[in-house]
Structure formats: C-alpha cells, structure tokens
>>> print(open('final38.tsv').read())   # TSV, C-alpha atoms
chain	number	residue	atom	x	y	z
J	1	ASN	CA	13.05	7.19	-0.86
J	2	ASP	CA	13.74	3.49	-0.42
J	3	PHE	CA	16.28	2.02	-2.83
J	4	ARG	CA	17.22	-1.65	-2.44
J	5	VAL	CA	19.67	-3.81	-4.33
J	6	PRO	CA	21.06	-7.33	-3.95
J	7	GLU	CA	24.59	-7.72	-2.66
J	8	GLY	CA	27.28	-8.57	-5.23
J	9	LYS	CA	25.22	-7.62	-8.31
J	10	LYS	CA	25.59	-4.98	-11.00
J	11	VAL	CA	23.06	-2.17	-10.74
J	12	LEU	CA	22.04	0.21	-13.53
J	13	LEU	CA	20.19	3.38	-12.55
J	14	GLN	CA	18.37	5.71	-14.89
J	15	LEU	CA	17.82	9.16	-13.41
J	16	THR	CA	15.70	12.12	-14.38
J	17	SER	CA	14.17	15.12	-12.64
J	18	LYS	CA	10.76	16.74	-12.82
J	19	ASP	CA	11.86	20.23	-11.84
J	20	VAL	CA	15.50	21.29	-11.35
J	21	ILE	CA	18.97	19.70	-11.41
J	22	HIS	CA	19.47	17.26	-8.57
J	23	SER	CA	22.54	15.18	-7.81
J	24	PHE	CA	21.96	11.58	-6.72
J	25	PHE	CA	24.75	10.79	-4.26
J	26	LEU	CA	25.65	7.39	-2.82
J	27	ALA	CA	28.54	8.27	-0.53
J	28	ASN	CA	29.33	4.69	0.50
J	29	CYS	CA	29.76	3.72	-3.18
J	30	ARG	CA	31.56	6.96	-4.01
J	31	MET	CA	29.04	7.54	-6.80
J	32	LYS	CA	27.35	10.79	-7.76
J	33	ARG	CA	25.34	11.58	-10.86
J	34	ASP	CA	23.20	14.54	-11.84
J	35	ALA	CA	19.50	14.13	-12.58
J	36	ASN	CA	18.45	16.73	-15.13
J	37	PRO	CA	14.95	17.78	-16.18
J	38	GLY	CA	13.93	16.38	-19.55
J	39	GLU	CA	16.77	13.90	-19.97
J	40	ILE	CA	17.79	10.50	-18.68
J	41	THR	CA	21.24	10.06	-17.20
J	42	ARG	CA	22.61	6.68	-16.28
J	43	MET	CA	25.03	5.34	-13.72
J	44	TRP	CA	26.05	1.83	-12.84
J	45	PHE	CA	27.94	0.17	-10.05
J	46	GLN	CA	28.43	-3.22	-8.52
J	47	THR	CA	27.88	-3.86	-4.84
J	48	LYS	CA	30.58	-5.88	-3.14
J	49	PRO	CA	29.99	-9.06	-1.17
J	50	ASP	CA	29.59	-8.58	2.57
J	51	THR	CA	28.33	-4.99	2.26
J	52	ALA	CA	24.74	-5.67	3.33
J	53	GLY	CA	23.33	-2.80	5.35
J	54	ASP	CA	21.56	0.56	5.22
J	55	TYR	CA	23.22	3.62	3.75
J	56	ASP	CA	22.18	7.21	3.04
J	57	VAL	CA	21.06	8.65	-0.28
J	58	THR	CA	21.33	12.43	-0.49
J	59	CYS	CA	20.99	15.19	-3.04
J	60	ALA	CA	24.41	16.79	-3.50
J	61	GLU	CA	23.09	19.76	-5.50
J	62	ILE	CA	21.53	22.75	-3.75
J	63	CYS	CA	18.25	22.39	-5.59
J	64	GLY	CA	15.82	24.62	-3.73
J	65	TYR	CA	14.27	25.48	-0.39
J	66	ALA	CA	13.56	21.82	0.54
J	67	HIS	CA	17.03	20.54	-0.38
J	68	TYR	CA	17.83	19.60	3.21
J	69	MET	CA	14.83	17.21	3.26
J	70	MET	CA	15.91	15.26	0.16
J	71	LYS	CA	17.12	12.10	1.81
J	72	GLY	CA	16.59	8.45	1.20
J	73	ARG	CA	17.73	5.03	2.27
J	74	PHE	CA	19.92	2.74	0.16
J	75	THR	CA	19.76	-0.86	1.34
J	76	VAL	CA	22.13	-3.57	0.17
J	77	MET	CA	20.53	-6.94	0.90
J	78	LYS	CA	21.69	-10.55	0.86
J	79	PRO	CA	20.48	-12.09	-2.44
J	80	ALA	CA	17.93	-14.42	-0.77
J	81	ASP	CA	16.56	-11.55	1.34
J	82	TYR	CA	16.33	-9.35	-1.76
J	83	GLU	CA	14.42	-12.02	-3.71
J	84	ALA	CA	11.94	-12.45	-0.84
J	85	TRP	CA	11.51	-8.66	-0.58
J	86	ALA	CA	11.02	-8.30	-4.36
J	87	ALA	CA	8.42	-11.10	-4.38
J	88	GLU	CA	6.52	-9.39	-1.54
J	89	GLN	CA	6.62	-6.06	-3.40
J	90	GLY	CA	5.26	-7.81	-6.48
J	91	ARG	CA	2.34	-9.17	-4.47
J	92	TRP	CA	1.76	-5.76	-2.89
J	93	SER	CA	1.72	-4.05	-6.30
J	94	MET	CA	-1.14	-6.31	-7.37
J	95	THR	CA	-3.31	-5.13	-4.47
J	96	GLN	CA	-6.34	-3.26	-5.70
J	97	TYR	CA	-6.94	0.16	-4.22
J	98	ASP	CA	-9.52	0.13	-1.44
J	99	LYS	CA	-10.21	3.50	0.18
J	100	THR	CA	-11.34	1.74	3.38
J	101	LYS	CA	-7.79	0.36	3.93
J	102	PRO	CA	-5.63	3.28	5.08
J	103	ASP	CA	-2.40	1.24	4.97
J	104	GLN	CA	-2.66	1.39	1.16
J	105	HIS	CA	-2.86	5.19	0.99
J	106	TRP	CA	0.87	5.99	1.13
J	107	GLY	CA	0.28	9.11	3.22
J	108	TRP	CA	-2.20	11.11	1.18
J	109	ASP	CA	-5.86	10.98	0.25
J	110	TRP	CA	-6.58	9.66	-3.23
J	111	GLN	CA	-8.75	11.82	-5.42
J	112	GLY	CA	-11.54	9.86	-7.05
J	113	GLU	CA	-11.64	6.20	-7.95
J	114	ILE	CA	-9.03	4.41	-10.04
J	115	LYS	CA	-10.45	3.49	-13.42
J	116	ARG	CA	-9.20	0.39	-15.23
>>> encode(input="final38.tsv", output="structure tokens")
Amino acid sequence: NDFRVPEGKKVLLQLTSKDVIHSFFLANCRMKRDANPGEITRMWFQTKPDTAGDYDVTCAEICGYAHYMMKGRFTVMKPADYEAWAAEQGRWSMTQYDKTKPDQHWGWDWQGEIKR
C-alpha cells in the first residue's frame, strides 16, 4: 500500500489480481487500469518535475465487501530522496528474519521458521 517513484521519471507498472477485477486508480495522474485475475496488464506514465508529494491510490472497481478499505499511498519523491529510500529498502530486504524482533513482523505472526 506504499508506492513510491522518483520525480520526472518514466514508470512502468505491471498489475494483476489474486481474486477479482480491481481497478488501480491514480487520480492525480489521471490514470486508471484494471487488474484482472490470471493476467498481467501494464500501464506507464511519467511524473512531472516539481510534483513531489503524497497522493492517494484507490480501487475504482466495486470489488467486494472490503472495497472501501482498498487504499494506498502514492509518493513522488525528489530523485536524491528516492535513491536514498531505495538503498535503505535494499538494506532492509537483506535483514534475516528474527522472531524476537517484532518490528520485522509486518503486522502478523509468522508461521514456522524460514528455510533457506
């Protein structure tokens, strides 16, 4: 639910759905594309300079009982800020799972140990 891109760059998205048809909607970019189960749909856009900020991502298709909760954040970042954020995410992704560190749990209890 957190989608970040660098300002002034072309962005290619590949969308799919696990269950029903959803519609990925970026109102500030005037872009909407369906995400269909079992197929990949694509959309691209280019962010403009001086558009850094936080915007809403919504589902524009009435997709089920939890449709109203399908929201996300779309953040356009200055290129240097984006590079720093991406580097930090890369370091974070290399963190090994440790069940004694709750900040790594992402909101749910893991079942069993991760095997490598």
>>> residues_around(input="final38.tsv", residues="Asp2 of chain J", least_positions_apart="4", cutoff="9 Å", atoms="all atoms listed in the file", output="PDB file with C-alpha atoms, keeping the file's coordinate frame")
ATOM      1  CA  VAL J  57      21.060   8.650  -0.280  1.00  0.00           C
ATOM      2  CA  GLY J  72      16.590   8.450   1.200  1.00  0.00           C
ATOM      3  CA  ARG J  73      17.730   5.030   2.270  1.00  0.00           C
ATOM      4  CA  PHE J  74      19.920   2.740   0.160  1.00  0.00           C
ATOM      5  CA  THR J  75      19.760  -0.860   1.340  1.00  0.00           C
TER       6      THR J  75
END
>>> residues_around(input="final38.tsv", residues="Glu7 of chain J", least_positions_apart="3", cutoff="9 Å", atoms="only C-alpha atoms", output="list in words")
Lys10, Gln46, Thr47, Lys48, Pro49, Asp50, Thr51, Ala52, Val76, Met77, Lys78, Pro79 and Tyr82 of chain J
>>> atom_distance(input="final38.tsv", atom1="atom CA of Ala86 of chain J", atom2="atom CA of Ile40 of chain J")
24.6 Å
>>> axis_aligned_box(input="final38.tsv", around="segment 23-28 of chain J", padding_each_side="6 Å", output="AutoDock Vina command-line options")
--center_x 25.6 --center_y 9.9 --center_z -3.7 --size_x 19.4 --size_y 22.5 --size_z 20.3
>>> atom_distance(input="final38.tsv", atom1="atom CA of Met69 of chain J", atom2="atom CA of Glu88 of chain J")
28.3 Å
>>> residues_near_point(input="final38.tsv", point="(36.4, 3.8, -5.2)", cutoff="12 Å", atoms="all atoms listed in the file", output="ChimeraX atom specification")
/J:26-32,45-48
>>> closest_residue(input="final38.tsv", among="J:Arg4, J:Phe25, J:Val20, J:Leu15", to="Pro37 of chain J", atoms="only C-alpha atoms")
J:Val20
>>> residues_around(input="final38.tsv", residues="Lys71 of chain J", least_positions_apart="3", cutoff="9 Å", atoms="only C-alpha atoms", output="ChimeraX atom specification")
/J:1,56-59,67-68
>>> build_atoms(input="final38.tsv", residues="segment 22-58 of chain J", atoms="N, CA and C atoms", output="compact mmCIF listing (two decimals), in the coordinates of the input")
# COMPACT_ATOMS: atom_id res chain seq x y z
N HIS J 22 19.17 17.90 -9.84
CA HIS J 22 19.47 17.26 -8.57
C HIS J 22 20.73 16.45 -8.77
N SER J 23 21.35 16.02 -7.71
CA SER J 23 22.54 15.18 -7.81
C SER J 23 22.38 13.99 -6.87
N PHE J 24 22.17 12.82 -7.46
CA PHE J 24 21.96 11.58 -6.72
C PHE J 24 23.31 11.11 -6.19
N PHE J 25 23.46 11.04 -4.87
CA PHE J 25 24.75 10.79 -4.26
C PHE J 25 24.69 9.58 -3.33
N LEU J 26 25.49 8.57 -3.66
CA LEU J 26 25.65 7.39 -2.82
C LEU J 26 27.08 7.44 -2.26
N ALA J 27 27.22 8.04 -1.10
CA ALA J 27 28.54 8.27 -0.53
C ALA J 27 29.30 6.98 -0.29
N ASN J 28 28.63 5.94 0.19
CA ASN J 28 29.33 4.69 0.50
C ASN J 28 29.87 4.00 -0.75
N CYS J 29 29.28 4.28 -1.92
CA CYS J 29 29.76 3.72 -3.18
C CYS J 29 30.68 4.70 -3.92
N ARG J 30 30.80 5.89 -3.36
CA ARG J 30 31.56 6.96 -4.01
C ARG J 30 31.03 7.24 -5.41
N MET J 31 29.70 7.31 -5.52
CA MET J 31 29.04 7.54 -6.80
C MET J 31 28.14 8.76 -6.69
N LYS J 32 28.21 9.61 -7.70
CA LYS J 32 27.35 10.79 -7.76
C LYS J 32 27.02 11.04 -9.22
N ARG J 33 25.76 11.32 -9.48
CA ARG J 33 25.34 11.58 -10.86
C ARG J 33 24.20 12.59 -10.84
N ASP J 34 24.26 13.55 -11.76
CA ASP J 34 23.20 14.54 -11.84
C ASP J 34 21.94 13.96 -12.47
N ALA J 35 20.81 14.43 -11.99
CA ALA J 35 19.50 14.13 -12.58
C ALA J 35 18.98 15.44 -13.14
N ASN J 36 18.83 15.50 -14.45
CA ASN J 36 18.45 16.73 -15.13
C ASN J 36 17.03 16.66 -15.67
N PRO J 37 16.30 17.77 -15.62
CA PRO J 37 14.95 17.78 -16.18
C PRO J 37 14.98 17.48 -17.68
N GLY J 38 14.08 16.63 -18.12
CA GLY J 38 13.93 16.38 -19.55
C GLY J 38 14.95 15.45 -20.18
N GLU J 39 15.83 14.87 -19.40
CA GLU J 39 16.77 13.90 -19.97
C GLU J 39 17.01 12.77 -18.98
N ILE J 40 17.48 11.66 -19.52
CA ILE J 40 17.79 10.50 -18.68
C ILE J 40 19.30 10.37 -18.61
N THR J 41 19.83 10.34 -17.40
CA THR J 41 21.24 10.06 -17.20
C THR J 41 21.34 8.68 -16.55
N ARG J 42 22.44 8.04 -16.79
CA ARG J 42 22.61 6.68 -16.28
C ARG J 42 23.88 6.57 -15.44
N MET J 43 23.84 5.69 -14.49
CA MET J 43 25.03 5.34 -13.72
C MET J 43 24.94 3.86 -13.36
N TRP J 44 26.06 3.22 -13.25
CA TRP J 44 26.05 1.83 -12.84
C TRP J 44 27.16 1.60 -11.84
N PHE J 45 26.95 0.59 -11.03
CA PHE J 45 27.94 0.17 -10.05
C PHE J 45 27.67 -1.27 -9.68
N GLN J 46 28.60 -1.86 -9.00
CA GLN J 46 28.43 -3.22 -8.52
C GLN J 46 28.66 -3.23 -7.02
N THR J 47 27.70 -3.76 -6.29
CA THR J 47 27.88 -3.86 -4.84
C THR J 47 28.85 -5.00 -4.56
N LYS J 48 29.60 -4.86 -3.52
CA LYS J 48 30.58 -5.88 -3.14
C LYS J 48 29.93 -6.89 -2.19
N PRO J 49 30.46 -8.10 -2.17
CA PRO J 49 29.99 -9.06 -1.17
C PRO J 49 30.26 -8.53 0.24
N ASP J 50 29.45 -8.95 1.16
CA ASP J 50 29.59 -8.58 2.57
C ASP J 50 29.44 -7.08 2.82
N THR J 51 28.60 -6.42 2.03
CA THR J 51 28.33 -4.99 2.26
C THR J 51 26.87 -4.76 2.63
N ALA J 52 26.15 -5.82 2.97
CA ALA J 52 24.74 -5.67 3.33
C ALA J 52 24.59 -4.66 4.46
N GLY J 53 23.58 -3.81 4.33
CA GLY J 53 23.33 -2.80 5.35
C GLY J 53 22.56 -1.63 4.78
N ASP J 54 22.29 -0.65 5.62
CA ASP J 54 21.56 0.56 5.22
C ASP J 54 22.53 1.71 5.10
N TYR J 55 22.36 2.48 4.03
CA TYR J 55 23.22 3.62 3.75
C TYR J 55 22.34 4.81 3.37
N ASP J 56 22.93 5.99 3.36
CA ASP J 56 22.18 7.21 3.04
C ASP J 56 22.22 7.50 1.54
N VAL J 57 21.12 8.05 1.04
CA VAL J 57 21.06 8.65 -0.28
C VAL J 57 20.78 10.12 -0.04
N THR J 58 21.55 10.99 -0.66
CA THR J 58 21.33 12.43 -0.49
C THR J 58 21.36 13.11 -1.85
